[in-house]
Amino acid sequence: MSLLLSGIGLLATQDPELGEISNAALVIEDGLLAWIGPAAQAPAADTALDLGGRCLLPGFVDSHAHLVFAGDRAEEFAARMTGQPYTAGGIRSTVAATRAATDEQLRANLARLAAELHAAGVTTFECKSGYGLDVATEQRSVRLAAEQTSEVSFLGAHVVPAGVDRGDYLDLVCGPMLDACAPHARWVDVFCEQGAFDVAESRAVLRAGMAAGLAPRLHANQLSAGGGVALAVELDAASADHCTHLSASDIDALAGSSTVATLLPLVEFSTRSPYPDARGLLDAGAVVALATDCNPGSGFSTSMPLAIALAVREMRMTPAEAVYAATAGGAQALRRDDIGRLAVGMRADLVALDAPSYLHLAYRPGVPLIRQVWIGGTAWSGEGCQE
């Protein structure tokens, strides 16, 4: 069965050859895009849907999220709003709640957050472990995450749990914990930061993961300047995430590499931290992605549209740059070539906006503009999204 989507006021393909097409149409067949072009030239299809002049985009690709956890940290957020600084230590409170939760409780919370992401236009998302910090809870975290997405990251190296010797914990992460988690994951991740893991420790964790068949990505330069970005480039990591504190050499290194700078403005919004230098990265030629970093501590939001609006307002990205970063940029951060763009042969992951242009994502911040989402050619009709 084929589906013709017509009446597309603006088709923003994010594809360098196709660009933006006004008064467009496309055909979906077997979950893929089979034809794209001007509406006047559209071929026949088994069924048709008129979008009434709406803007159509690729589905957003959220390449950084922490969705397997229990509890919340609303009181910690309130304390930050009165001036208390954000540190990595709050992770341990989520660890206690997550360890105490049942599989069904974790699965239900994960499904709820995945539905929120879909309602916000996200059609592909990455999901990390990291709130277990013991073999059993980390293993079930990646196992449950894999029920929702193929983009699963093992983040046993989030912080060192209380009462555990640092060297012993690193041995555990690089040994039995990795062995238990690797079959359920695609990526190995590490929090390379003051209060978490230094560069040498992070390198050891990532190399162990790579030896087990996982590809590297890492949290880098979030709370302070450091060697995380340089390590990411050294190991050809798919992505260096946060990049809040960058030196000129960090920017040059990213621009000269295949490592994507994944920026997480919802975290800066939630922690009242400085925003990353997106303009400097883009002007240097680095590839930039936007992601939500949905997590219970430093940024509990699933709204990619809000991340786009913040990127435009606070990080001086143009609306076109921000949308690209939330689609094609996110795909590059996951090293995927089947999503993030609209071109013949790509997955039919689509977002229709209740607006004539993607400019409205920044122009009308906070307004629910996601009209319809298609994932693999199938219309998603969960809570918060209309048929």
# chains A, B, ... in the order shown; residues from 1 in each chain; ligands from 1

$ residues_around --residues "Leu231 (chain A)" --least-positions-apart "2" --cutoff "10 Å" --atoms "only C-alpha atoms" --output "PyMOL selection string"
chain A and resi 192+199-200+202-203+206+217-218+220+226-229+233-237+240

$ residues_around --residues "region 354-363 of chain A" --least-positions-apart "2" --cutoff "10 Å" --atoms "only C-alpha atoms" --output "ChimeraX atom specification"
/A:8-12,51-57,304-313,318-320,322-323,351-352,365-372

$ atom_distance --atom1 "CA of Thr149 (chain A)" --atom2 "CA of Ile36 (chain A)"
27.6 Å

$ residues_around --residues "Pro296 (chain A)" --least-positions-apart "6" --cutoff "10 Å" --atoms "only C-alpha atoms" --output "ChimeraX atom specification"
/A:66-74,76-77,90-91,94

$ residues_around --residues "region 114-118 of chain A" --least-positions-apart "3" --cutoff "7 Å" --atoms "only C-alpha atoms" --output "list of chain:residue names"
A:Leu110, A:Ala111, A:Gly121, A:Val122, A:Thr123, A:Thr302, A:Ser303, A:Gly382

$ residues_around --residues "Ala348 (chain A)" --least-positions-apart "3" --cutoff "7 Å" --atoms "only C-alpha atoms" --output "PyMOL selection string"
chain A and resi 28+31-33+374-377

$ residues_around --residues "region 163-176 of chain A" --least-positions-apart "6" --cutoff "8 Å" --atoms "only C-alpha atoms" --output "ChimeraX atom specification"
/A:135,156-157,201,204-205,208-209

$ write_last_selection --atoms "all heavy atoms" --output "PDB file, in the first residue's frame"
ATOM      1  N   VAL A 135      25.821  -4.307  38.629  1.00  0.00           N
ATOM      2  CA  VAL A 135      25.680  -5.142  37.435  1.00  0.00           C
ATOM      3  C   VAL A 135      24.222  -5.439  37.129  1.00  0.00           C
ATOM      4  O   VAL A 135      23.761  -5.299  35.983  1.00  0.00           O
ATOM      5  CB  VAL A 135      26.484  -6.456  37.604  1.00  0.00           C
ATOM      6  CG1 VAL A 135      26.204  -7.397  36.427  1.00  0.00           C
ATOM      7  CG2 VAL A 135      27.973  -6.161  37.684  1.00  0.00           C
ATOM      8  N   GLY A 156      27.547   2.745  32.481  1.00  0.00           N
ATOM      9  CA  GLY A 156      27.919   2.356  33.830  1.00  0.00           C
ATOM     10  C   GLY A 156      28.864   3.359  34.466  1.00  0.00           C
ATOM     11  O   GLY A 156      28.878   3.543  35.686  1.00  0.00           O
ATOM     12  N   ALA A 157      29.661   4.043  33.649  1.00  0.00           N
ATOM     13  CA  ALA A 157      30.589   5.063  34.132  1.00  0.00           C
ATOM     14  C   ALA A 157      29.905   6.418  34.169  1.00  0.00           C
ATOM     15  O   ALA A 157      30.293   7.366  33.464  1.00  0.00           O
ATOM     16  CB  ALA A 157      31.837   5.102  33.252  1.00  0.00           C
ATOM     17  N   GLU A 201      40.623   7.655  33.125  1.00  0.00           N
ATOM     18  CA  GLU A 201      39.585   6.683  33.476  1.00  0.00           C
ATOM     19  C   GLU A 201      38.572   6.537  32.345  1.00  0.00           C
ATOM     20  O   GLU A 201      38.156   5.426  32.007  1.00  0.00           O
ATOM     21  CB  GLU A 201      38.879   7.125  34.760  1.00  0.00           C
ATOM     22  CG  GLU A 201      39.767   7.083  35.995  1.00  0.00           C
ATOM     23  CD  GLU A 201      39.172   7.831  37.176  1.00  0.00           C
ATOM     24  OE1 GLU A 201      38.315   8.732  36.948  1.00  0.00           O
ATOM     25  OE2 GLU A 201      39.566   7.532  38.316  1.00  0.00           O
ATOM     26  N   ALA A 204      39.929   4.483  29.513  1.00  0.00           N
ATOM     27  CA  ALA A 204      39.937   3.062  29.836  1.00  0.00           C
ATOM     28  C   ALA A 204      38.548   2.447  29.653  1.00  0.00           C
ATOM     29  O   ALA A 204      38.404   1.350  29.094  1.00  0.00           O
ATOM     30  CB  ALA A 204      40.425   2.850  31.266  1.00  0.00           C
ATOM     31  N   VAL A 205      37.523   3.153  30.101  1.00  0.00           N
ATOM     32  CA  VAL A 205      36.150   2.653  29.966  1.00  0.00           C
ATOM     33  C   VAL A 205      35.765   2.548  28.494  1.00  0.00           C
ATOM     34  O   VAL A 205      35.204   1.537  28.035  1.00  0.00           O
ATOM     35  CB  VAL A 205      35.169   3.567  30.724  1.00  0.00           C
ATOM     36  CG1 VAL A 205      33.721   3.218  30.371  1.00  0.00           C
ATOM     37  CG2 VAL A 205      35.396   3.461  32.231  1.00  0.00           C
ATOM     38  N   ALA A 208      37.582  -0.274  26.705  1.00  0.00           N
ATOM     39  CA  ALA A 208      37.023  -1.567  27.075  1.00  0.00           C
ATOM     40  C   ALA A 208      35.719  -1.822  26.329  1.00  0.00           C
ATOM     41  O   ALA A 208      35.474  -2.920  25.815  1.00  0.00           O
ATOM     42  CB  ALA A 208      36.796  -1.626  28.587  1.00  0.00           C
ATOM     43  N   GLY A 209      34.876  -0.796  26.246  1.00  0.00           N
ATOM     44  CA  GLY A 209      33.632  -0.940  25.504  1.00  0.00           C
ATOM     45  C   GLY A 209      33.863  -1.205  24.032  1.00  0.00           C
ATOM     46  O   GLY A 209      33.191  -2.036  23.417  1.00  0.00           O
TER      47      GLY A 209
END

$ select_by_dssp --residues "region 39-250 of chain A" --states "strand (DSSP E)" --output "PyMOL selection string"
chain A and resi 47-58+60-62+122-128+151-157+187-192+215-216+218-220+239-242

$ closest_residue --among "A:Arg112, A:Thr82, A:Ala379, A:Leu155" --to "Leu5 (chain A)" --atoms "only C-alpha atoms"
A:Ala379

$ residues_around --residues "Ala325 (chain A)" --least-positions-apart "4" --cutoff "8 Å" --atoms "only C-alpha atoms" --output "ChimeraX atom specification"
/A:288-290,321,329-330

$ closest_residue --among "A:Met81, A:Cys181, A:Ile339, A:Leu133" --to "Ala162 (chain A)" --atoms "only C-alpha atoms"
A:Leu133

$ select_by_dssp --residues "region 164-238 of chain A" --states "alpha helix (DSSP H)" --output "VMD selection string"
chain A and resid 166 to 172 178 to 181 199 to 211 228 to 234

$ closest_residue --among "A:Ala40, A:Leu223, A:Gln14, A:Tyr131" --to "Pro58 (chain A)" --atoms "only C-alpha atoms"
A:Gln14

$ atom_distance --atom1 "CA of Gln222 (chain A)" --atom2 "CA of Asp277 (chain A)"
12.2 Å

$ atom_distance --atom1 "CA of Leu3 (chain A)" --atom2 "CA of Gly340 (chain A)"
20.0 Å

$ closest_residue --among "A:Ser141, A:Ser270, A:Ser381, A:Gln332" --to "Asp103 (chain A)" --atoms "only C-alpha atoms"
A:Ser141

$ closest_residue --among "A:Ala291, A:Leu26, A:Leu266, A:Ala212" --to "Phe154 (chain A)" --atoms "only C-alpha atoms"
A:Ala212
